[in-house]
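Here's structure.txt, which has compact mmCIF, C-alpha atoms:
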```txt
# COMPACT_ATOMS: atom_id res chain seq x y z
CA MET C 1 -90.92 -14.73 -6.08
CA THR C 2 -92.12 -13.34 -2.75
CA MET C 3 -95.49 -12.79 -1.21
CA SER C 4 -96.55 -10.39 1.52
CA GLU C 5 -99.43 -9.72 3.86
CA PHE C 6 -100.18 -7.33 6.70
CA LEU C 7 -100.11 -8.96 10.16
CA PRO C 8 -100.52 -6.34 12.90
CA GLU C 9 -100.87 -9.02 15.61
CA LEU C 10 -97.45 -10.46 14.70
CA LEU C 11 -95.98 -6.96 14.83
CA GLU C 12 -97.37 -6.52 18.34
CA GLN C 13 -95.76 -9.79 19.44
CA ALA C 14 -92.44 -8.75 17.92
CA ILE C 15 -92.43 -5.30 19.52
CA ALA C 16 -93.23 -6.88 22.89
CA LEU C 17 -90.04 -8.95 22.79
CA PRO C 18 -87.54 -7.79 25.45
CA ALA C 19 -84.83 -7.37 22.82
CA ALA C 20 -87.08 -5.25 20.59
CA ARG C 21 -88.02 -2.64 23.19
CA PRO C 22 -84.71 -0.72 23.34
CA LEU C 23 -84.49 -0.80 19.55
CA ILE C 24 -87.84 0.29 18.12
CA SER C 25 -87.97 3.74 19.69
CA ARG C 26 -84.53 4.60 18.29
CA VAL C 27 -85.18 3.79 14.62
CA PRO C 28 -85.18 7.11 12.72
CA ASP C 29 -88.34 8.24 10.94
CA GLY C 30 -88.57 7.14 7.35
CA ILE C 31 -86.49 3.99 7.84
CA THR C 32 -88.15 0.61 7.28
CA LEU C 33 -86.39 -1.95 9.45
CA TYR C 34 -87.07 -5.65 8.92
CA LEU C 35 -86.77 -8.56 11.31
CA VAL C 36 -85.62 -11.59 9.28
CA GLY C 37 -84.81 -15.26 9.41
CA GLY C 38 -85.05 -17.48 12.42
CA ALA C 39 -86.56 -14.84 14.68
CA VAL C 40 -89.60 -14.45 12.41
CA ARG C 41 -89.83 -18.20 11.99
CA ASP C 42 -89.84 -18.69 15.76
CA LEU C 43 -92.42 -15.95 16.28
CA LEU C 44 -94.72 -17.64 13.81
CA LEU C 45 -94.20 -20.90 15.68
CA GLY C 46 -95.30 -19.23 18.91
CA GLY C 47 -91.85 -18.66 20.37
CA ALA C 48 -90.16 -15.60 21.84
CA PRO C 49 -86.75 -15.25 20.14
CA PHE C 50 -83.94 -13.53 22.01
CA ASP C 51 -81.51 -12.89 19.15
CA LEU C 52 -82.81 -10.53 16.47
CA ASP C 53 -81.35 -10.38 12.95
CA LEU C 54 -82.31 -7.21 11.13
CA VAL C 55 -82.02 -5.87 7.59
CA VAL C 56 -82.62 -2.52 5.96
CA GLU C 57 -82.88 -1.55 2.29
CA GLY C 58 -80.24 1.10 2.66
CA ASP C 59 -77.09 1.98 4.58
CA ALA C 60 -76.92 -0.45 7.51
CA ALA C 61 -73.83 1.19 8.99
CA ALA C 62 -75.50 4.62 9.06
CA LEU C 63 -78.57 3.16 10.73
CA ALA C 64 -76.48 1.27 13.27
CA THR C 65 -74.53 4.41 14.15
CA SER C 66 -77.73 6.44 14.53
CA LEU C 67 -79.08 4.06 17.19
CA GLY C 68 -76.60 5.36 19.75
CA GLY C 69 -75.14 2.12 21.09
CA ASP C 70 -71.75 0.46 20.75
CA VAL C 71 -71.24 -0.26 17.05
CA ARG C 72 -68.92 -2.57 15.11
CA ILE C 73 -69.01 -2.30 11.31
CA HIS C 74 -68.09 -5.26 9.09
CA ASP C 75 -67.40 -3.93 5.61
CA ARG C 76 -67.04 -7.36 3.92
CA PHE C 77 -70.78 -8.05 3.95
CA GLY C 78 -72.19 -4.61 4.71
CA THR C 79 -73.23 -5.61 8.22
CA SER C 80 -73.01 -3.95 11.60
CA THR C 81 -73.32 -5.18 15.17
CA VAL C 82 -74.95 -2.87 17.71
CA THR C 83 -75.23 -3.29 21.48
CA LEU C 84 -78.08 -1.44 23.22
CA ASP C 85 -79.07 -1.89 26.87
CA GLY C 86 -77.36 -5.26 27.04
CA PHE C 87 -78.89 -6.60 23.80
CA THR C 88 -76.83 -7.23 20.66
CA TYR C 89 -78.29 -6.82 17.17
CA ASP C 90 -76.90 -7.74 13.76
CA ILE C 91 -78.04 -5.23 11.14
CA ALA C 92 -77.34 -5.93 7.48
CA ARG C 93 -78.04 -4.22 4.22
CA THR C 94 -80.33 -6.30 2.01
CA ARG C 95 -78.15 -7.97 -0.60
CA ARG C 96 -77.75 -10.56 -3.31
CA GLU C 97 -74.89 -13.07 -3.31
CA ALA C 98 -72.76 -14.81 -5.94
CA TYR C 99 -70.26 -17.61 -5.35
CA ALA C 100 -67.03 -17.54 -7.38
CA GLN C 101 -66.44 -21.19 -6.52
CA PRO C 102 -68.05 -23.86 -4.33
CA GLY C 103 -67.48 -23.32 -0.62
CA ALA C 104 -66.08 -19.81 -1.02
CA LEU C 105 -67.42 -16.84 0.86
CA PRO C 106 -69.91 -15.05 -1.38
CA ASP C 107 -69.42 -11.82 -3.24
CA VAL C 108 -72.23 -9.47 -2.26
CA GLU C 109 -73.91 -6.36 -3.60
CA PRO C 110 -76.93 -4.33 -2.48
CA ALA C 111 -80.33 -5.62 -3.55
CA SER C 112 -83.99 -5.49 -2.64
CA LEU C 113 -85.60 -7.28 0.30
CA ALA C 114 -87.17 -9.76 -2.13
CA GLU C 115 -83.75 -10.72 -3.51
CA ASP C 116 -82.26 -10.86 -0.03
CA LEU C 117 -84.84 -13.43 1.04
CA LYS C 118 -84.08 -15.60 -2.00
CA ARG C 119 -80.39 -15.89 -1.05
CA ARG C 120 -81.12 -17.56 2.30
CA ASP C 121 -80.64 -21.17 3.29
CA PHE C 122 -84.15 -22.63 3.77
CA THR C 123 -87.61 -21.36 2.92
CA VAL C 124 -88.67 -21.24 6.59
CA ASN C 125 -85.85 -18.76 7.20
CA ALA C 126 -86.69 -16.63 4.16
CA ILE C 127 -89.35 -14.58 5.93
CA ALA C 128 -89.21 -10.92 6.98
CA LEU C 129 -91.42 -8.75 9.20
CA ALA C 130 -91.27 -4.96 8.96
CA LEU C 131 -90.78 -3.66 12.51
CA ALA C 132 -90.63 0.07 11.83
CA GLY C 133 -91.40 2.48 9.02
CA ASP C 134 -94.33 2.87 6.66
CA ALA C 135 -94.50 -0.91 6.05
CA ALA C 136 -94.54 -1.87 9.76
CA GLY C 137 -96.54 -5.06 10.23
CA GLU C 138 -96.00 -6.32 6.69
CA LEU C 139 -94.82 -9.93 6.45
CA SER C 140 -92.83 -10.91 3.35
CA ALA C 141 -91.82 -14.46 2.45
CA VAL C 142 -90.53 -16.48 -0.48
CA THR C 143 -92.89 -18.88 -2.21
CA ALA C 144 -93.72 -21.95 -0.08
CA ALA C 145 -92.13 -20.50 3.06
CA LEU C 146 -95.32 -20.30 5.11
CA GLU C 147 -96.59 -23.62 3.77
CA ASP C 148 -93.29 -25.30 4.69
CA LEU C 149 -93.39 -23.72 8.13
CA ALA C 150 -96.92 -25.02 8.71
CA ALA C 151 -95.85 -28.48 7.51
CA ARG C 152 -92.65 -28.35 9.62
CA ARG C 153 -90.55 -28.97 6.54
CA LEU C 154 -87.05 -27.85 5.55
CA ARG C 155 -86.55 -26.98 1.88
CA VAL C 156 -83.61 -25.26 0.16
CA LEU C 157 -84.32 -22.33 -2.12
CA HIS C 158 -82.28 -23.56 -5.11
CA ASP C 159 -80.61 -26.74 -6.31
CA ARG C 160 -77.00 -25.56 -5.82
CA SER C 161 -77.57 -24.38 -2.27
CA PHE C 162 -75.40 -27.03 -0.59
CA ILE C 163 -72.71 -26.75 -3.28
CA ASP C 164 -72.43 -22.96 -3.03
CA ASP C 165 -72.33 -23.04 0.77
CA PRO C 166 -71.81 -26.51 2.26
CA THR C 167 -72.06 -25.14 5.81
CA ARG C 168 -75.80 -25.22 5.12
CA LEU C 169 -75.53 -29.00 5.51
CA LEU C 170 -74.54 -28.52 9.14
CA ARG C 171 -77.27 -25.96 9.61
CA LEU C 172 -79.74 -28.45 8.14
CA VAL C 173 -78.83 -30.89 10.92
CA ARG C 174 -79.15 -28.14 13.53
CA TYR C 175 -82.64 -27.15 12.42
CA VAL C 176 -83.81 -30.76 12.11
CA THR C 177 -82.73 -31.56 15.64
CA ARG C 178 -83.81 -28.30 17.26
CA LEU C 179 -87.11 -27.76 15.49
CA GLY C 180 -88.06 -31.38 14.84
CA PHE C 181 -88.71 -30.57 11.17
CA GLU C 182 -88.56 -33.09 8.34
CA ILE C 183 -86.27 -32.68 5.34
CA GLU C 184 -88.18 -32.20 2.08
CA PRO C 185 -87.28 -35.12 -0.25
CA HIS C 186 -85.77 -32.97 -3.03
CA THR C 187 -83.65 -31.19 -0.41
CA ARG C 188 -82.52 -34.51 1.09
CA ALA C 189 -81.45 -35.73 -2.33
CA HIS C 190 -79.35 -32.60 -2.89
CA ALA C 191 -77.84 -32.95 0.59
CA ASP C 192 -76.87 -36.58 -0.04
CA GLU C 193 -75.36 -35.67 -3.39
CA ALA C 194 -73.32 -32.81 -1.89
CA ILE C 195 -72.04 -34.95 0.98
CA SER C 196 -71.06 -37.90 -1.22
CA GLY C 197 -69.32 -35.46 -3.56
CA GLY C 198 -67.14 -34.11 -0.75
CA ALA C 199 -68.71 -30.65 -0.63
CA LEU C 200 -67.60 -30.07 2.95
CA ARG C 201 -63.95 -30.25 1.85
CA THR C 202 -64.42 -27.04 -0.14
CA VAL C 203 -65.08 -25.04 3.04
CA SER C 204 -62.39 -23.68 5.34
CA GLY C 205 -61.81 -25.44 8.66
CA PRO C 206 -62.80 -22.43 10.80
CA ARG C 207 -66.20 -22.18 9.06
CA VAL C 208 -66.89 -25.89 9.55
CA GLY C 209 -65.71 -25.60 13.15
CA ALA C 210 -68.02 -22.65 13.83
CA GLU C 211 -71.04 -24.67 12.68
CA LEU C 212 -69.91 -27.75 14.62
CA ARG C 213 -69.62 -25.70 17.81
CA LEU C 214 -73.14 -24.33 17.29
CA LEU C 215 -74.41 -27.89 16.87
CA ALA C 216 -72.74 -28.99 20.10
CA ARG C 217 -74.33 -26.05 21.94
CA GLU C 218 -77.85 -27.05 20.99
CA PRO C 219 -80.21 -27.83 23.91
CA ASP C 220 -79.78 -31.54 23.10
CA PRO C 221 -76.18 -31.87 21.87
CA VAL C 222 -76.44 -35.66 21.72
CA ARG C 223 -79.35 -35.54 19.29
CA ALA C 224 -77.61 -32.82 17.31
CA LEU C 225 -74.38 -34.79 16.92
CA ARG C 226 -76.31 -37.97 16.17
CA GLY C 227 -77.95 -36.00 13.37
CA LEU C 228 -74.53 -35.58 11.75
CA GLY C 229 -74.25 -39.34 11.53
CA GLU C 230 -77.71 -39.73 10.06
CA LEU C 231 -76.62 -37.61 7.10
CA GLY C 232 -73.08 -39.02 6.97
CA LEU C 233 -71.56 -35.67 7.85
CA ASP C 234 -69.58 -36.94 10.83
CA ALA C 235 -67.26 -39.01 8.62
CA ALA C 236 -66.88 -35.97 6.35
CA ILE C 237 -65.34 -34.14 9.31
CA HIS C 238 -63.01 -37.09 10.12
CA PRO C 239 -63.37 -40.82 9.42
CA GLY C 240 -63.13 -41.59 13.15
CA PHE C 241 -65.51 -38.85 14.28
CA GLY C 242 -69.08 -39.70 15.19
CA LEU C 243 -71.36 -40.09 18.19
CA ASP C 244 -72.14 -43.80 17.98
CA ASP C 245 -72.88 -44.48 21.66
CA GLU C 246 -75.83 -42.28 22.56
CA ASP C 247 -76.40 -44.01 25.91
CA LEU C 248 -72.82 -43.34 26.99
CA ALA C 249 -73.13 -39.66 26.08
CA ARG C 250 -76.41 -39.27 27.96
CA ARG C 251 -75.04 -41.03 31.08
CA ALA C 252 -72.03 -38.72 31.04
CA LEU C 253 -74.16 -35.61 30.57
CA ALA C 254 -76.36 -36.69 33.48
CA LEU C 255 -73.27 -36.71 35.72
CA LEU C 256 -71.85 -33.42 34.45
CA PRO C 257 -72.21 -30.59 37.01
CA ALA C 258 -73.50 -27.14 36.18
CA ASP C 259 -69.99 -25.70 35.82
CA GLY C 260 -69.10 -28.32 33.20
CA ARG C 261 -69.51 -27.72 29.48
CA ARG C 262 -72.08 -29.93 27.77
CA ASP C 263 -70.75 -29.08 24.32
CA ARG C 264 -67.20 -30.12 25.21
CA LEU C 265 -68.39 -33.40 26.70
CA ALA C 266 -70.63 -34.31 23.76
CA LEU C 267 -67.84 -33.53 21.29
CA ALA C 268 -65.41 -35.63 23.33
CA VAL C 269 -67.71 -38.65 23.17
CA ALA C 270 -68.04 -38.17 19.42
CA ALA C 271 -64.24 -37.84 19.06
CA ARG C 272 -63.25 -41.04 20.91
CA GLY C 273 -62.58 -42.78 17.60
CA VAL C 274 -60.02 -40.16 16.51
CA PRO C 275 -56.42 -40.88 17.63
CA GLY C 276 -55.14 -38.32 20.13
CA PRO C 277 -52.51 -36.54 17.99
CA GLU C 278 -54.93 -36.43 15.04
CA LEU C 279 -57.69 -35.09 17.26
CA ALA C 280 -55.60 -32.17 18.49
CA THR C 281 -54.67 -31.33 14.89
CA LEU C 282 -58.29 -31.66 13.75
CA LEU C 283 -59.55 -29.30 16.44
CA ASP C 284 -56.84 -26.78 15.58
CA THR C 285 -57.86 -26.99 11.93
CA LEU C 286 -61.45 -26.34 13.00
CA ALA C 287 -60.26 -23.26 14.97
CA PHE C 288 -61.26 -24.46 18.43
CA GLU C 289 -60.04 -22.34 21.34
CA ALA C 290 -56.97 -23.88 22.99
CA GLU C 291 -58.78 -24.53 26.28
CA ASP C 292 -61.70 -26.22 24.53
CA ARG C 293 -59.31 -28.29 22.43
CA ASP C 294 -57.33 -29.47 25.46
CA VAL C 295 -60.43 -30.49 27.44
CA ILE C 296 -61.96 -32.35 24.49
CA VAL C 297 -58.69 -34.18 23.77
CA ALA C 298 -58.27 -35.08 27.45
CA ALA C 299 -61.83 -36.36 27.74
CA ALA C 300 -61.59 -38.36 24.52
CA THR C 301 -58.15 -39.89 25.09
CA ARG C 302 -57.44 -39.96 28.86
CA VAL C 303 -60.82 -41.11 30.05
CA GLY C 304 -59.95 -44.81 30.01
CA GLU C 305 -57.10 -44.45 32.51
CA VAL C 306 -59.12 -42.10 34.72
CA ALA C 307 -62.08 -44.51 34.72
CA SER C 308 -59.78 -47.42 35.63
CA ALA C 309 -58.17 -45.48 38.48
CA LEU C 310 -61.55 -44.33 39.78
CA ARG C 311 -62.98 -47.85 39.77
CA ALA C 312 -60.04 -48.99 41.94
CA ALA C 313 -60.47 -46.08 44.38
CA SER C 314 -62.46 -46.35 47.59
CA ALA C 315 -61.22 -43.75 50.08
CA PRO C 316 -61.92 -40.09 49.23
CA SER C 317 -58.19 -39.39 49.02
CA GLU C 318 -57.84 -42.21 46.48
CA ILE C 319 -60.64 -40.74 44.39
CA ALA C 320 -58.87 -37.37 44.42
CA ALA C 321 -55.61 -39.01 43.37
CA ALA C 322 -57.39 -40.90 40.57
CA VAL C 323 -58.90 -37.70 39.22
CA SER C 324 -55.56 -35.90 39.45
CA GLY C 325 -56.81 -32.49 38.35
CA ALA C 326 -58.93 -33.72 35.45
CA PRO C 327 -61.69 -31.31 34.34
CA PRO C 328 -65.30 -32.23 35.15
CA GLU C 329 -65.97 -33.35 31.57
CA VAL C 330 -63.31 -36.08 31.91
CA VAL C 331 -64.61 -37.22 35.29
CA ALA C 332 -68.23 -37.32 34.10
CA LEU C 333 -67.28 -39.44 31.10
CA ALA C 334 -65.16 -41.72 33.31
CA GLY C 335 -68.18 -42.15 35.56
CA ALA C 336 -70.31 -43.12 32.58
CA LEU C 337 -67.70 -45.76 31.72
CA GLY C 338 -68.30 -47.64 34.97
CA ALA C 339 -67.02 -45.48 37.80
CA GLU C 340 -70.26 -43.66 38.52
CA PRO C 341 -70.23 -43.73 42.38
CA GLN C 342 -66.67 -42.40 42.59
CA ALA C 343 -67.23 -39.83 39.85
CA ARG C 344 -70.41 -38.62 41.48
CA ASP C 345 -68.68 -38.31 44.89
CA TRP C 346 -65.94 -36.21 43.32
CA LEU C 347 -68.15 -34.00 41.20
CA GLU C 348 -70.81 -33.35 43.83
CA GLN C 349 -68.79 -33.17 47.05
CA LEU C 350 -65.09 -33.97 47.22
CA ARG C 351 -63.80 -31.45 44.67
CA HIS C 352 -65.28 -28.63 46.76
CA VAL C 353 -63.24 -29.49 49.87
CA ARG C 354 -60.64 -26.77 50.53
CA LEU C 355 -57.71 -26.57 52.93
CA GLU C 356 -57.49 -23.84 55.52
CA ILE C 357 -53.72 -23.69 54.99
CA ASP C 358 -51.72 -22.83 51.91
CA GLY C 359 -48.13 -22.73 50.75
CA ARG C 360 -47.33 -19.66 52.81
CA ASP C 361 -48.07 -21.58 55.98
CA LEU C 362 -45.57 -24.27 55.00
CA LEU C 363 -42.96 -21.68 54.10
CA ALA C 364 -43.46 -20.02 57.48
CA ALA C 365 -42.99 -23.41 59.13
CA GLY C 366 -39.58 -23.75 57.48
CA VAL C 367 -40.39 -25.84 54.41
CA PRO C 368 -38.19 -24.64 51.54
CA GLU C 369 -39.71 -23.52 48.25
CA GLY C 370 -40.04 -26.30 45.70
CA PRO C 371 -41.80 -29.64 45.22
CA ALA C 372 -42.06 -30.24 48.97
CA ILE C 373 -44.73 -27.54 49.24
CA GLY C 374 -46.98 -29.36 46.76
CA ARG C 375 -46.36 -32.73 48.45
CA GLY C 376 -47.29 -31.34 51.81
CA LEU C 377 -50.48 -29.69 50.61
CA ARG C 378 -51.58 -32.83 48.76
CA ALA C 379 -51.02 -34.90 51.89
CA ALA C 380 -53.00 -32.43 54.01
CA LEU C 381 -55.87 -32.44 51.51
CA GLY C 382 -55.90 -36.25 51.45
CA ALA C 383 -56.08 -36.34 55.24
CA LYS C 384 -58.91 -33.82 55.27
CA LEU C 385 -60.83 -35.74 52.62
CA ASP C 386 -60.45 -38.94 54.67
CA ARG C 387 -61.52 -37.09 57.83
CA ARG C 388 -58.13 -37.59 59.47
CA ALA C 389 -57.52 -33.87 59.75
CA SER C 390 -59.77 -31.00 60.74
CA GLY C 391 -58.73 -27.39 61.17
CA ARG C 392 -55.51 -25.52 60.45
CA GLU C 393 -53.34 -27.18 63.09
CA GLN C 394 -54.11 -30.74 62.02
CA GLU C 395 -53.79 -29.86 58.34
CA LEU C 396 -50.38 -28.29 58.95
CA ALA C 397 -49.25 -31.27 61.01
CA GLU C 398 -50.22 -33.67 58.20
CA ALA C 399 -48.39 -31.52 55.65
CA LEU C 400 -45.23 -31.31 57.70
CA ASP C 401 -45.26 -35.04 58.44
CA ALA C 402 -45.53 -35.77 54.73
CA VAL C 403 -42.66 -33.43 53.91
CA GLY C 404 -40.51 -34.95 56.66
CA ALA C 405 -41.29 -38.48 55.51
CA SER C 406 -40.34 -37.69 51.94
CA GLU C 407 -37.03 -36.03 52.67
```
Representation of the structure as C-alpha cells:
Amino acid sequence: MTMSEFLPELLEQAIALPAARPLISRVPDGITLYLVGGAVRDLLLGGAPFDLDLVVEGDAAALATSLGGDVRIHDRFGTSTVTLDGFTYDIARTRREAYAQPGALPDVEPASLAEDLKRRDFTVNAIALALAGDAAGELSAVTAALEDLAARRLRVLHDRSFIDDPTRLLRLVRYVTRLGFEIEPHTRAHADEAISGGALRTVSGPRVGAELRLLAREPDPVRALRGLGELGLDAAIHPGFGLDDEDLARRALALLPADGRRDRLALAVAARGVPGPELATLLDTLAFEAEDRDVIVAAATRVGEVASALRAASAPSEIAAAVSGAPPEVVALAGALGAEPQARDWLEQLRHVRLEIDGRDLLAAGVPEGPAIGRGLRAALGAKLDRRASGREQELAEALDAVGASE
C-alpha cells in the first residue's frame, strides 16, 4: 500500500539541485519522471544529494535516448545510464521483482510505481517524488516510510527481504553507519536469522565484494566496517576478517596522506587476521581490482616487517630503505604500529624528494645498462636524503662512487 501527497516545496528543492538542472528541461512533455530512493530520503532529511536515481512508468531506454546525452542501455533490468553535462543518471522502468532462489538476481517485469516502491530494500528508501509531468511535486511512499524516516528507523518491506537478496544485509550496515539510524526490532530479528542461516553464501562473490567496497568508501570506513562485526557479517565474509582494533585503524588513517586510499587501508586493517594466500584468493573471489588487491594484501601481511624496519631507522636514507617502495597505506599502518615519527617523515616529506639525475646520466657517464644503474640511483637518492649531496654534480658523483664500489 502506498500513500501520496503534493509537496511543491520539496519539488523546488529537488529542481534546485545541481544534478537536476541539466535534466529537467530535457524531459519530453507528457512524461512523468520520478526521483526515487536515497535521493528523496536525503532531501527529506535536509540534504542535497548528488546522485539521482530516476524511474519512469514507461520505456526508460526511449526516455534516456531522448535526453540527448551519452547513453548506455542495460537490457537485463530495463535500466539506462545517461551522462549530461558531467552528471550521470540511472533511469529505470518501474518494475516488480521475483526471486527464483535465495541470493539470485531477480527476474523483473514492468509494473506500476506503487509496486516498484514495494520491491525496495527499506521503507525509508521506498519514496518517490515526481520531478516532471502532470504529477510534478507529488510524493509517493509505502506505508510507514515517512514515519520511519522521522523516527530514524530502518525497516524491511517484507519478511523474506534478506533471504531474497542478502546483499541488503550489507546495505543495512551502510545505512546504519552513514545515517545513524536504528534497526527496527523485527528487521533486526530477520537480519540475525538470515546471517546465522548463511544467507550471504547464496550470493556471488562479486556482488558481496561490490557492497563491501561501498562500505569501505563510506565517510567513516572504520565505523562502517565495525558495523559488520556488530551484526556478525564480517565472519560471514571470512572467519579471520573483521575490524577488531578500531584505535589502530584510526591512528593509521590519521597518518594516511591525501593521495592514499582510505578504503584500502581500512580493509587491510580488517583483513590482518586472514592468512596472506587466503586473503589474495578471497579478494579475487570478491572481484577486487588487481591493484586494490595487491595493496590490501601488502598492507595486511607485510606491515609487521615494514614497521620493524622503520622503528630501527634513524637517518632519512634508512627510512627510505625500510619503506622500500611500499605504498602509503602500508607505511601509514606501519606508523600506527609504533613507527609513527619515521612513517610521518616519509609520508609528509622524504618520499617527495627527487633526484636531478636519472639513468640516462649514468649511461652517458659510461655505466653499462643493468642493475648498476639502479644501485647508483639509490645511492644518490640516499645521499640527497641525508644532505650529503646537492645538485646534479654531487648526485652523479655519489652514484658513480656507489657503482665503482660495487663492481
message: Measuring between all atoms listed in the file, which one of C:Ile296, C:Leu283, C:Ala224, C:Val306 shows the shortest distance to C:Val176?
response: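 Checking each of C:Ile296, C:Leu283, C:Ala224, C:Val306 against C:Val176, counting all atoms listed in the file, the winner is C:Ala224.
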- request: Select, from C:Leu139, C:Ala61, C:Ala98, C:Leu179, the residue with the minimum atom-to-atom distance to C:Ala14, counting all atoms listed in the file.
  value: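 That would be C:Leu139, the residue with the smallest distance to C:Ala14.
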Contact check, stretch 196-304 of chain C to stretch 159-165 of chain C, at most 9 Å, counting all atoms listed in the file, closest pairs as a Markdown table:
```
| residue | atom | partner | partner_atom | distance |
| --- | --- | --- | --- | --- |
| C:Ala199 | CA | C:Ile163 | CA | 6.2 |
| C:Leu200 | CA | C:Ile163 | CA | 8.7 |
| C:Thr202 | CA | C:Ile163 | CA | 8.9 |
| C:Val203 | CA | C:Asp165 | CA | 7.9 |
```
task: Considering only C-alpha atoms, state which residue in the set C:Leu131, C:Leu105, C:Leu44, C:Leu310 is at the smallest distance from C:Ala20.
output: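 Residue with the minimum atom-to-atom distance to C:Ala20: C:Leu131.
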message: I want to know what sits within 12 Å of C:Ser314, based on all atoms listed in the file, with residues of the same chain fewer than 2 positions away left out; could you give that as a PyMOL selection string?
response: chain C and resi 309-312+316-322+339+341-343+345-346+385-386
query: Counting all atoms listed in the file, which residues come within 9 Å of (-76.2, 5.1, 19.9), with the point read in the file's coordinates, and could you list them as a count of residues only?
result: 12
Wanna dump the stretch 177-230 of chain C-stretch 112-128 of chain C contacts at 12 Å for me, each residue with its shortest atom pair and the distance in Å to one decimal, counting all atoms listed in the file, ordered by chain and number, as CSV?
```
residue,atom,partner,partner_atom,distance
C:Leu179,CA,C:Val124,CA,11.1
C:Phe181,CA,C:Val124,CA,10.4
C:Glu182,CA,C:Val124,CA,12.0
C:Ile183,CA,C:Phe122,CA,10.4
C:Glu184,CA,C:Phe122,CA,10.5
C:Thr187,CA,C:Phe122,CA,9.5
```
message: Just to confirm, what's the straight-line distance from atom CA of C:Ala150 to atom CA of C:Glu5 in Å (one decimal)?
response: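 A separation of 16.2 Å between them.
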message: If we count only C-alpha atoms and set the cut-off at 12 Å, which residues sit around C:Asp259, ignoring sequence neighbours fewer than 6 positions away in its own chain? Please answer as a PyMOL selection string.
response: chain C and resi 253+327-329+332+347-348
task: Fewer than 6 positions away in the same chain doesn't count, so skip those; otherwise give me all residues within 12 Å of C:Ser196, counting all atoms listed in the file, as a PyMOL selection string.
output: chain C and resi 162-163+166+189-190+231-233+235-236
query: With all atoms listed in the file as the basis for distance, which of C:Val173, C:Arg41, C:Thr167, C:Asp247 is at the shortest distance from C:Arg152?
result: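 Comparing C:Val173, C:Arg41, C:Thr167, C:Asp247 against C:Arg152, the winner is C:Arg41.
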field: Best match for closeness to C:Gly86 among C:Arg261, C:Arg21, C:His74, C:Arg344, counting only C-alpha atoms
entry: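 Of all the options, C:Arg21 lies closest to C:Gly86.
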